[in-house]
Amino acid sequence: MSLEVMLNAAGLAFVVAGSRWQQADGQVMFMFILAMAAAEVAVGLALVMQIYRRFKSLDVDELSEMRG
Amino acid sequence: MLSWLWLIPALPFASATLLMLSGSRFSRKAVTAVGVGSIGLSALVTALVAYSFLSSGPAGSSYTQVLWTWINVGGFQPQIGLYLDALSLVMVLVVTWVGFLIHIYSAEFMIEDPGYSRFFAYMNLFVASMITLLLGNNLLLLLLGWEGVGLCSYLLIGFWYRDPANGHAARKAFIVTRVGDSAMMLALFLLFTSLGTLQIQDLMQRASQHWQSGSTLAVAAALLLLGGAVGKSAQLPLQVWLPDAMAGPTPTSALIHAATMVTAGVYLIARTHVLFSLAPAAQLAVGVVGAATLLLAGFSALTQHDIKRVLAYSTVSQIGYMFLALGVGAWQAAMFHFLTHAFFKALLFLGAGVIINALDDEHSIFKMGGLRREMPVAFWTFLIGACALAGLPFITSGFFSKDLIIWQTWSAEGGHPAFWIAGMLGALLTALYTFRLIFRVFFGPLGMPVTKRPGYAMTIPLMILAFLAVVGGYLKEPLLSFLHSALPATTEAHAGLLTETRSEAIAGVLFLIGLYFAFVFHLQKRNLADVLVATPVGHALQQWWFAGWGFDWLYDQVFVKPYTWLSNVNKDDFVDAFYTALAWVSDLAYRWLSSTETGRVRWYAAGMAAGSVLFIAMVLFL
Amino acid sequence: MELTFYIAGGIAVVSTVIMLTRLNLVHALLYLIVSLLAVAVDFFVLGAPFAAALEAIVYAGAIMVLFLFVVMMLNIGKHGAETEREWLTPGIWTGPVTLASILIIEVAYLARGGSAPLSTSALGPKEVGIALFGPYIIGVELASMLMLAGLVGAYHLGYRKAEKPEIQHDADTHEGRADTSGDLVLAGADRATRTT
């Protein structure tokens with residue numbers, strides 16, 4: 001969710017910039033960010049579901065199988 | 001045929017290389033053919049070259065054959081060049097022919113040894129290096145041969161490497177001669193920087209032009225060369241390695257440590273005689289070293305048990321005679337003694353080898369006895385060799401050469417009565433220890449039964465060498481006049497009341513006195529020797545002389561112990577601390593870095609965040 | 001018009017902060033939706049009506065609904081709230097807050113410079129469309145590929161073998177974790193064994 005906030009903030013900055021310089025490019029960038037956020041949310045939430053299935057918990061510290 | 005000169009060292013080099021690379025795959029016969037045959041061929045070529053040299057005699061009485069330029073740097077251009085004159089011809093003849101006889105002998109002596117091909121490879125390499133040493137026309141090539149013979153000596157002393165004592169003896173020999181070699185290299189540096197060349201003949205010429213007699217540079221160079229010579233020839237103070245070098249096989253002792261390598265020092269001084277003539281102080285030092293060594297070794301030989309050690313000390317003593325001769329300026333006498341010594345000392349060593357082999361590897365003379373009837377050939381040849389060594393008047397060659405030296409220590413310009421007395425005393429000692437050896441080994445009751453008899457390959461060289469030991473004396477006049485072309489004649493200064501014949505007579509009397517005392521102590525009343533040794537003075541002297549006048553102990557205290565103490569103290573080398581610190585730092589860094597690999601996702605996410613902050617800061621502010 | 005901008009911005013910030021401190025996931029999501037809608041208003045005020053519409057429809061409408069789906073599927077429940085309380089300690093959020101503050105300062109440093117007046121002409125869908133089909137055509141293609149990748153990935157990750165289609169109710173396993181597989185409609189997942 002925090003990621004969404006951050007992406008949103010960046011998009012806001014882009015739109016403001018586009019408005020400042022009276023170009024449509026700002027909104028175009030915002031649209032790309034939106035598209036990317038959507039894709040990322042989909043994949044990310046699928047991952048979360050997988051993690052929950054395997055580790056039976058959403059505690060990120062449980063995911064330490066990468067420990068050498 | 002003089003142009004075949006290069007074959008003389010090349011043939012043994014080639015056979016040594018062949019044997020080293022693939023000798024273990026050859027059969028015994030093949031190894032013998034290659035190993036002994038190459039020396040035989042080399043001896044043959046030497047004979048042909050000698051014939052050509054003597055009959056047609058090149059202009060200037062020397063022949064140089066330059067093969068190629070070795071190094072060309074700045075003003076320094078030593079060549080691979082061979083220089084043949086009377087001096088080197090005599091020595092090369094001895095090395096190749098006596099070497100050939102010894103190789104034939106060792107074909108039978110070493111037949112059962114598993115390292116057969118290795119042995120011949122090393123022996124051939126040795127002969128090749130020795131010939132390079134003798135024929136080299138510049139000091140650098142001589143040094144190459146010098147180092148080569150040192151290497152082969154090390155390899156052959158430690159030939160039976162599985163016994164650590166042999167390795168110890170080999171290392172001792174190498175390190176002690178290294179001390180001498182360092183002195184010699186310093187001499188080469190000195191000579192090159194002051195005179196600009198290392199070509200021997202040019203060097204001698206320039207030295208006599210630029211340096212005054214007695215100049216410090218000449219004395220320094222000559223003393224340093226003397227340092228090198230005493231190392232290789234086992235004279236005072238570097239004589240400690242030769243008795244221990246008897247750990248090697250007997251043919252090695254015969255070839256290297258009796259006839260040839262140990263005379264390399266004598267050759268060096270004879271070759272650079274101009275330098276020594278320019279430095280009388282150094283020449284006197286040569287004589288003093290020779291005189292002191294011959295006495296020291298003579299006394300030590302009187303107390304040894306091991307038959308080979310007696311002969312080793314005897315070698316040290318006889319080379320002392322050669323040094324003594326060089327020291328008083330009796331150049332040709334020294335070379336004459338070298339020739340006869342090569343014959344009878346090789347003979348004695350080969351005979352000792354026969355005895356050791358026959359008695360199943362027994363070395364102690366006190367366990368031997370009565371071999372006169374059991375091994376007649378060995379007895380008679382050994383006796384001839386011993387008489388030559390002790391100087392039996394008129395019949396043996398040793399008499400002529402030794403007495404020439406002793407006479408010239410009195411009469412030559414550099415001579416001194418003290419040297420004459422030392423020489424005479426040495427002759428008495430020689431007779432004493434030689435006949436002690438003969439009476440203990442060959443006379444008296446049978447000590448040990450004979451298990452093996454020598455074959456023809458061992459007895460024929462003995463007989464040839466015995467023949468040479470007898471007739472070699474008659475070569476005196478022709479040899480001396482032949483060597484005249486290479487070495488200056490000895491100027492006779494004062495005779496006084498002594499003439500040559502009178503000096504020879506005194507030497508003959510001393511021979512008989514030595515023979516008599518040896519007879520008494522070692523055959524007639526053997527317990528008398530034990531009584532003498534049992535007295536406190538006698539016992540102390542015996543122990544002291546047995547240990548070679550304590551030089552081993554002295555060197556151990558002065559050099560070896562401080563060095564090992566220092567290495568122990570420096571065990572955790574402070575210089576190493578720098579390198580271990582490097583390793584320790586990397587280890588630390590490794591631990592830190594590997595601790596970042598936690599596998600926890602939050603840690604990685606935090607890492608990314610921190611990294612991005614850092615990057616943006618860098619972009620903004622740097 | 002500027003007043004509207006600042007009010008909407010204020011609502012967005014406050015709503016986001018409240019979202020961060022909620023213990024109940026669904027509450028947090030609702031506050032996030034409020035924040036997004038506030039930002040949409042901001043867009044409208046800035047003269048980007050198309051962006052505002054997109055923000056409301058796609059972001060608040062589609063993406064947040066997806067979040068809600070997953071949250072309700074996982075059904076953390078009361079245990080979730082307790083664990084959140086445990087986790088939301090200062091020790092946890094001090095680090096990220098510090099880093100974020102540094103970033104904000106950097107951004108502020110970057111953004112210093114003259115500001116222009118707010119009221120400008122609106123850039124409607126027409127201008128955006130022209131830009132999209134003109135210079136940014138490549139971006140559009142790439143975005144579509146990205147969507148495809150996301151689609152395939154999400155499908156693959158969410159796939160499960162349907163061996164046992166019935167809903168399972170296991171014995172309670174209250175180990176201080178969230179409820180295990182009992183509440184989840186997972187039949188014959190990729191694990192051969194199920195913890196009990």
# chains A, B, ... in the order shown; residues from 1 in each chain; ligands from 1

$ select_by_dssp --residues "chain A" --states "alpha helix (DSSP H)" --output "PyMOL selection string"
chain A and resi 2-20+25-55

$ closest_atom_pairs --of "chain A" --to "chain C" --cutoff "9 Å" --atoms "only C-alpha atoms" --output "tab-separated table"
residue	atom	partner	partner_atom	distance
A:Met1	CA	C:Leu29	CA	7.8
A:Ser2	CA	C:Leu20	CA	8.1
A:Glu4	CA	C:Leu32	CA	8.9
A:Val5	CA	C:Thr16	CA	7.7
A:Asn8	CA	C:Leu36	CA	7.7
A:Ala9	CA	C:Val39	CA	8.7
A:Leu12	CA	C:Val39	CA	7.5
A:Val15	CA	C:Phe43	CA	7.2
A:Val16	CA	C:Leu46	CA	6.9
A:Gly18	CA	C:Ala48	CA	8.8
A:Ser19	CA	C:Leu46	CA	6.4
A:Arg20	CA	C:Ala116	CA	6.8
A:Gln22	CA	C:Leu123	CA	7.5
A:Gln23	CA	C:Leu123	CA	7.6
A:Ala24	CA	C:Val128	CA	5.2
A:Asp25	CA	C:Ala131	CA	6.8
A:Gly26	CA	C:Val128	CA	8.9
A:Gln27	CA	C:Ala51	CA	6.0
A:Val28	CA	C:Val128	CA	6.3
A:Phe30	CA	C:Ala51	CA	7.3
A:Met31	CA	C:Ala51	CA	7.4
A:Phe32	CA	C:Ala143	CA	6.8
A:Leu34	CA	C:Tyr59	CA	7.2
A:Ala35	CA	C:Ala143	CA	6.7
A:Met36	CA	C:Ala143	CA	7.2
A:Ala37	CA	C:Ile63	CA	8.3
A:Ala38	CA	C:Ile63	CA	6.2
A:Ala39	CA	C:Gly150	CA	5.0
A:Glu40	CA	C:Gly150	CA	6.9
A:Val41	CA	C:Ile63	CA	7.1
A:Ala42	CA	C:Ala154	CA	6.0
A:Val43	CA	C:Ala154	CA	4.7
A:Gly44	CA	C:Ala154	CA	7.9
A:Leu45	CA	C:Val70	CA	7.0
A:Ala46	CA	C:Gly158	CA	5.4
A:Leu47	CA	C:Leu157	CA	6.4
A:Val48	CA	C:Val70	CA	8.7
A:Met49	CA	C:Gly158	CA	7.3
A:Gln50	CA	C:Leu157	CA	6.9
A:Tyr52	CA	C:Leu74	CA	8.0
A:Arg53	CA	C:Ser181	CA	7.4
A:Arg54	CA	C:Arg191	CA	7.5
A:Lys56	CA	C:Thr180	CA	5.6
A:Ser57	CA	C:Ala178	CA	6.0
A:Leu58	CA	C:Ala178	CA	8.1

$ interface_residues --of "chain B" --to "chain C" --cutoff "8 Å" --atoms "only C-alpha atoms" --output "list in words"
Ala606, Ala609, Ala610, Val613, Ile616 and Ala617 of chain B

$ atom_distance --atom1 "atom CA of B:Pro393" --atom2 "atom CA of B:Gly514"
13.4 Å

$ atom_distance --atom1 "atom CA of B:Leu446" --atom2 "atom CA of B:Ala301"
23.4 Å

$ residues_around --residues "B:Gly136" --least-positions-apart "5" --cutoff "10 Å" --atoms "only C-alpha atoms" --output "ChimeraX atom specification"
/B:64-66,79-84,88,130-131,141-145,199-200

$ write_last_selection --atoms "all heavy atoms" --output "CSV table (one decimal), in the first residue's frame"
chain,number,residue,atom,x,y,z
B,64,THR,N,93.1,-20.9,-29.6
B,64,THR,CA,91.8,-20.5,-29.1
B,64,THR,C,90.7,-20.8,-30.1
B,64,THR,O,90.9,-20.6,-31.3
B,64,THR,CB,91.8,-18.9,-28.9
B,64,THR,OG1,93.0,-18.6,-28.2
B,64,THR,CG2,90.6,-18.5,-28.2
B,65,GLN,N,89.6,-21.3,-29.6
B,65,GLN,CA,88.5,-21.6,-30.5
B,65,GLN,C,87.3,-20.9,-29.9
B,65,GLN,O,86.8,-21.4,-28.9
B,65,GLN,CB,88.3,-23.1,-30.6
B,65,GLN,CG,87.2,-23.5,-31.6
B,65,GLN,CD,87.0,-25.0,-31.6
B,65,GLN,OE1,87.0,-25.7,-30.6
B,65,GLN,NE2,86.9,-25.6,-32.8
B,66,VAL,N,86.8,-19.9,-30.6
B,66,VAL,CA,85.6,-19.2,-30.1
B,66,VAL,C,84.4,-19.8,-30.7
B,66,VAL,O,84.3,-19.8,-31.9
B,66,VAL,CB,85.7,-17.7,-30.4
B,66,VAL,CG1,84.5,-17.0,-29.9
B,66,VAL,CG2,86.9,-17.1,-29.7
B,79,GLN,N,82.7,-14.6,-24.2
B,79,GLN,CA,82.4,-15.5,-25.2
B,79,GLN,C,82.4,-16.9,-24.7
B,79,GLN,O,82.9,-17.2,-23.6
B,79,GLN,CB,83.5,-15.5,-26.3
B,79,GLN,CG,83.7,-14.1,-26.9
B,79,GLN,CD,85.1,-14.0,-27.4
B,79,GLN,OE1,86.0,-14.6,-26.9
B,79,GLN,NE2,85.2,-13.4,-28.6
B,80,ILE,N,81.8,-17.8,-25.5
B,80,ILE,CA,82.0,-19.3,-25.2
B,80,ILE,C,83.2,-19.6,-26.0
B,80,ILE,O,83.2,-19.9,-27.2
B,80,ILE,CB,80.8,-20.1,-25.6
B,80,ILE,CG1,79.5,-19.6,-25.0
B,80,ILE,CG2,81.0,-21.6,-25.3
B,80,ILE,CD1,79.4,-20.0,-23.6
B,81,GLY,N,84.4,-19.5,-25.4
B,81,GLY,CA,85.6,-19.7,-26.1
B,81,GLY,C,86.5,-20.7,-25.4
B,81,GLY,O,86.5,-20.7,-24.2
B,82,LEU,N,87.2,-21.5,-26.2
B,82,LEU,CA,88.0,-22.5,-25.6
B,82,LEU,C,89.5,-22.1,-25.8
B,82,LEU,O,89.9,-21.8,-27.0
B,82,LEU,CB,87.7,-23.9,-26.2
B,82,LEU,CG,86.3,-24.3,-26.1
B,82,LEU,CD1,86.0,-25.6,-26.8
B,82,LEU,CD2,85.9,-24.5,-24.6
B,83,TYR,N,90.3,-22.2,-24.8
B,83,TYR,CA,91.7,-21.8,-24.9
B,83,TYR,C,92.5,-23.0,-24.5
B,83,TYR,O,92.4,-23.5,-23.4
B,83,TYR,CB,91.9,-20.6,-23.9
B,83,TYR,CG,93.3,-20.1,-23.9
B,83,TYR,CD1,93.8,-19.3,-24.9
B,83,TYR,CD2,94.1,-20.5,-22.8
B,83,TYR,CE1,95.1,-18.9,-24.8
B,83,TYR,CE2,95.4,-20.0,-22.7
B,83,TYR,CZ,95.9,-19.2,-23.7
B,83,TYR,OH,97.2,-18.7,-23.6
B,84,LEU,N,93.4,-23.4,-25.5
B,84,LEU,CA,94.2,-24.6,-25.2
B,84,LEU,C,95.6,-24.1,-25.2
B,84,LEU,O,96.2,-23.6,-26.1
B,84,LEU,CB,94.0,-25.6,-26.3
B,84,LEU,CG,94.6,-26.9,-26.1
B,84,LEU,CD1,93.9,-27.7,-25.0
B,84,LEU,CD2,94.5,-27.8,-27.4
B,88,SER,N,96.3,-26.1,-19.8
B,88,SER,CA,95.0,-26.7,-19.9
B,88,SER,C,95.1,-28.1,-20.6
B,88,SER,O,94.3,-29.0,-20.3
B,88,SER,CB,94.0,-25.8,-20.6
B,88,SER,OG,94.6,-25.4,-21.8
B,130,MET,N,83.9,-29.9,-15.7
B,130,MET,CA,85.3,-29.7,-15.4
B,130,MET,C,86.1,-29.3,-16.6
B,130,MET,O,87.0,-28.4,-16.5
B,130,MET,CB,85.8,-31.0,-14.8
B,130,MET,CG,87.2,-30.9,-14.3
B,130,MET,SD,87.3,-30.0,-12.7
B,130,MET,CE,89.0,-29.5,-12.7
B,131,ILE,N,85.8,-29.9,-17.7
B,131,ILE,CA,86.5,-29.6,-19.0
B,131,ILE,C,86.2,-28.1,-19.4
B,131,ILE,O,87.1,-27.4,-19.8
B,131,ILE,CB,86.2,-30.6,-20.1
B,131,ILE,CG1,86.7,-31.9,-19.7
B,131,ILE,CG2,86.8,-30.1,-21.4
B,131,ILE,CD1,86.3,-33.0,-20.6
B,141,LEU,N,83.3,-18.0,-18.1
B,141,LEU,CA,83.1,-19.4,-18.5
B,141,LEU,C,83.7,-20.3,-17.5
B,141,LEU,O,83.2,-21.4,-17.2
B,141,LEU,CB,83.6,-19.6,-19.9
B,141,LEU,CG,83.3,-20.9,-20.6
B,141,LEU,CD1,81.8,-21.1,-20.7
B,141,LEU,CD2,83.9,-21.0,-22.0
B,142,LEU,N,84.8,-19.9,-17.0
B,142,LEU,CA,85.5,-20.7,-15.9
B,142,LEU,C,84.5,-20.8,-14.7
B,142,LEU,O,84.4,-21.9,-14.1
B,142,LEU,CB,86.8,-20.1,-15.5
B,142,LEU,CG,87.7,-20.8,-14.6
B,142,LEU,CD1,89.2,-20.5,-14.9
B,142,LEU,CD2,87.5,-20.5,-13.2
B,143,LEU,N,83.9,-19.7,-14.4
B,143,LEU,CA,83.0,-19.7,-13.3
B,143,LEU,C,81.8,-20.6,-13.6
B,143,LEU,O,81.3,-21.3,-12.7
B,143,LEU,CB,82.5,-18.3,-13.0
B,143,LEU,CG,81.5,-18.1,-11.8
B,143,LEU,CD1,82.3,-18.4,-10.6
B,143,LEU,CD2,80.9,-16.7,-11.8
B,144,LEU,N,81.3,-20.7,-14.8
B,144,LEU,CA,80.3,-21.6,-15.2
B,144,LEU,C,80.7,-23.0,-14.9
B,144,LEU,O,79.9,-23.8,-14.3
B,144,LEU,CB,79.9,-21.4,-16.7
B,144,LEU,CG,78.8,-22.4,-17.2
B,144,LEU,CD1,77.5,-22.0,-16.6
B,144,LEU,CD2,78.8,-22.3,-18.7
B,145,GLY,N,81.8,-23.4,-15.4
B,145,GLY,CA,82.3,-24.7,-15.1
B,145,GLY,C,82.5,-25.0,-13.6
B,145,GLY,O,82.2,-26.0,-13.0
B,199,GLN,N,88.5,-11.8,-20.1
B,199,GLN,CA,89.3,-12.7,-20.9
B,199,GLN,C,90.6,-12.9,-20.3
B,199,GLN,O,91.3,-11.9,-20.0
B,199,GLN,CB,89.5,-12.1,-22.3
B,199,GLN,CG,88.4,-12.2,-23.3
B,199,GLN,CD,88.8,-13.2,-24.3
B,199,GLN,OE1,89.7,-14.0,-24.1
B,199,GLN,NE2,88.0,-13.3,-25.3
B,200,ILE,N,91.0,-14.1,-20.0
B,200,ILE,CA,92.1,-14.4,-19.1
B,200,ILE,C,93.4,-13.8,-19.6
B,200,ILE,O,94.1,-13.1,-18.9
B,200,ILE,CB,92.2,-15.9,-18.8
B,200,ILE,CG1,90.9,-16.3,-18.2
B,200,ILE,CG2,93.4,-16.1,-17.9
B,200,ILE,CD1,90.9,-17.8,-17.8

$ atom_distance --atom1 "atom CA of C:Thr89" --atom2 "atom CA of A:Phe55"
23.5 Å

$ interface_residues --of "chain B" --to "chain A" --cutoff "8 Å" --atoms "only C-alpha atoms" --output "list in words"
Glu597, Thr598, Gly599, Arg600, Val601 and Arg602 of chain B

$ write_last_selection --atoms "all heavy atoms" --output "tab-separated table (two decimals), in the first residue's frame"
chain	number	residue	atom	x	y	z
B	597	GLU	N	24.30	-10.82	4.01
B	597	GLU	CA	23.46	-11.75	3.25
B	597	GLU	C	22.54	-12.47	4.22
B	597	GLU	O	22.72	-13.64	4.51
B	597	GLU	CB	24.37	-12.74	2.57
B	597	GLU	CG	23.83	-13.21	1.24
B	597	GLU	CD	24.82	-14.14	0.58
B	597	GLU	OE1	25.84	-13.62	0.10
B	597	GLU	OE2	24.60	-15.36	0.62
B	598	THR	N	21.57	-11.74	4.74
B	598	THR	CA	20.75	-12.33	5.79
B	598	THR	C	19.59	-13.14	5.23
B	598	THR	O	19.05	-14.00	5.90
B	598	THR	CB	20.14	-11.24	6.67
B	598	THR	OG1	19.45	-10.35	5.80
B	598	THR	CG2	21.22	-10.50	7.39
B	599	GLY	N	19.18	-12.83	4.01
B	599	GLY	CA	18.02	-13.52	3.49
B	599	GLY	C	16.71	-12.90	3.92
B	599	GLY	O	15.65	-13.32	3.52
B	600	ARG	N	16.80	-11.88	4.74
B	600	ARG	CA	15.54	-11.25	5.18
B	600	ARG	C	15.19	-10.14	4.22
B	600	ARG	O	15.98	-9.27	3.93
B	600	ARG	CB	15.72	-10.68	6.59
B	600	ARG	CG	15.73	-11.81	7.59
B	600	ARG	CD	16.24	-11.43	8.96
B	600	ARG	NE	16.09	-10.05	9.33
B	600	ARG	CZ	17.03	-9.35	9.95
B	600	ARG	NH1	18.17	-9.93	10.24
B	600	ARG	NH2	16.83	-8.11	10.28
B	601	VAL	N	13.94	-10.18	3.77
B	601	VAL	CA	13.50	-9.26	2.72
B	601	VAL	C	13.54	-7.83	3.21
B	601	VAL	O	13.90	-6.91	2.46
B	601	VAL	CB	12.08	-9.63	2.26
B	601	VAL	CG1	11.61	-8.70	1.18
B	601	VAL	CG2	12.05	-11.06	1.78
B	602	ARG	N	13.21	-7.63	4.46
B	602	ARG	CA	13.18	-6.25	4.97
B	602	ARG	C	14.57	-5.63	4.94
B	602	ARG	O	14.74	-4.45	4.65
B	602	ARG	CB	12.64	-6.25	6.39
B	602	ARG	CG	11.13	-6.30	6.45
B	602	ARG	CD	10.61	-5.86	7.78
B	602	ARG	NE	10.97	-6.79	8.82
B	602	ARG	CZ	11.29	-6.42	10.06
B	602	ARG	NH1	11.30	-5.16	10.38
B	602	ARG	NH2	11.59	-7.33	10.96

$ closest_residue --among "B:Ala297, B:Ala187, B:Ile111, B:Ala258" --to "B:Gln235" --atoms "only C-alpha atoms"
B:Ala297

$ residues_around --residues "B:Thr17" --least-positions-apart "6" --cutoff "9 Å" --atoms "only C-alpha atoms" --output "JSON list (two decimals) with all heavy atoms, in the first residue's frame"
[["chain", "number", "residue", "atom", "x", "y", "z"],
["B", 121, "ALA", "N", 74.80, -40.08, -15.45],
["B", 121, "ALA", "CA", 74.42, -38.74, -15.90],
["B", 121, "ALA", "C", 75.19, -37.68, -15.12],
["B", 121, "ALA", "O", 75.77, -36.75, -15.70],
["B", 121, "ALA", "CB", 72.91, -38.53, -15.73],
["B", 124, "ASN", "N", 78.98, -37.76, -15.93],
["B", 124, "ASN", "CA", 79.28, -37.15, -17.22],
["B", 124, "ASN", "C", 79.13, -35.64, -17.17],
["B", 124, "ASN", "O", 79.94, -34.90, -17.73],
["B", 124, "ASN", "CB", 78.35, -37.72, -18.30],
["B", 124, "ASN", "CG", 78.79, -39.09, -18.72],
["B", 124, "ASN", "OD1", 79.74, -39.63, -18.19],
["B", 124, "ASN", "ND2", 78.11, -39.64, -19.70],
["B", 125, "LEU", "N", 78.09, -35.20, -16.49],
["B", 125, "LEU", "CA", 77.92, -33.76, -16.35],
["B", 125, "LEU", "C", 79.11, -33.16, -15.63],
["B", 125, "LEU", "O", 79.60, -32.07, -15.99],
["B", 125, "LEU", "CB", 76.63, -33.46, -15.59],
["B", 125, "LEU", "CG", 76.28, -31.98, -15.46],
["B", 125, "LEU", "CD1", 76.04, -31.38, -16.82],
["B", 125, "LEU", "CD2", 75.05, -31.82, -14.59]]

$ residues_around --residues "C:Ala8" --least-positions-apart "3" --cutoff "7 Å" --atoms "only C-alpha atoms" --output "VMD selection string"
chain C and resid 4 to 5 11 to 12 38 to 39 41 to 42

$ residues_around --residues "B:Gly415" --least-positions-apart "6" --cutoff "8 Å" --atoms "only C-alpha atoms" --output "list in words"
Val328, Gly329, Gln408 and Thr409 of chain B
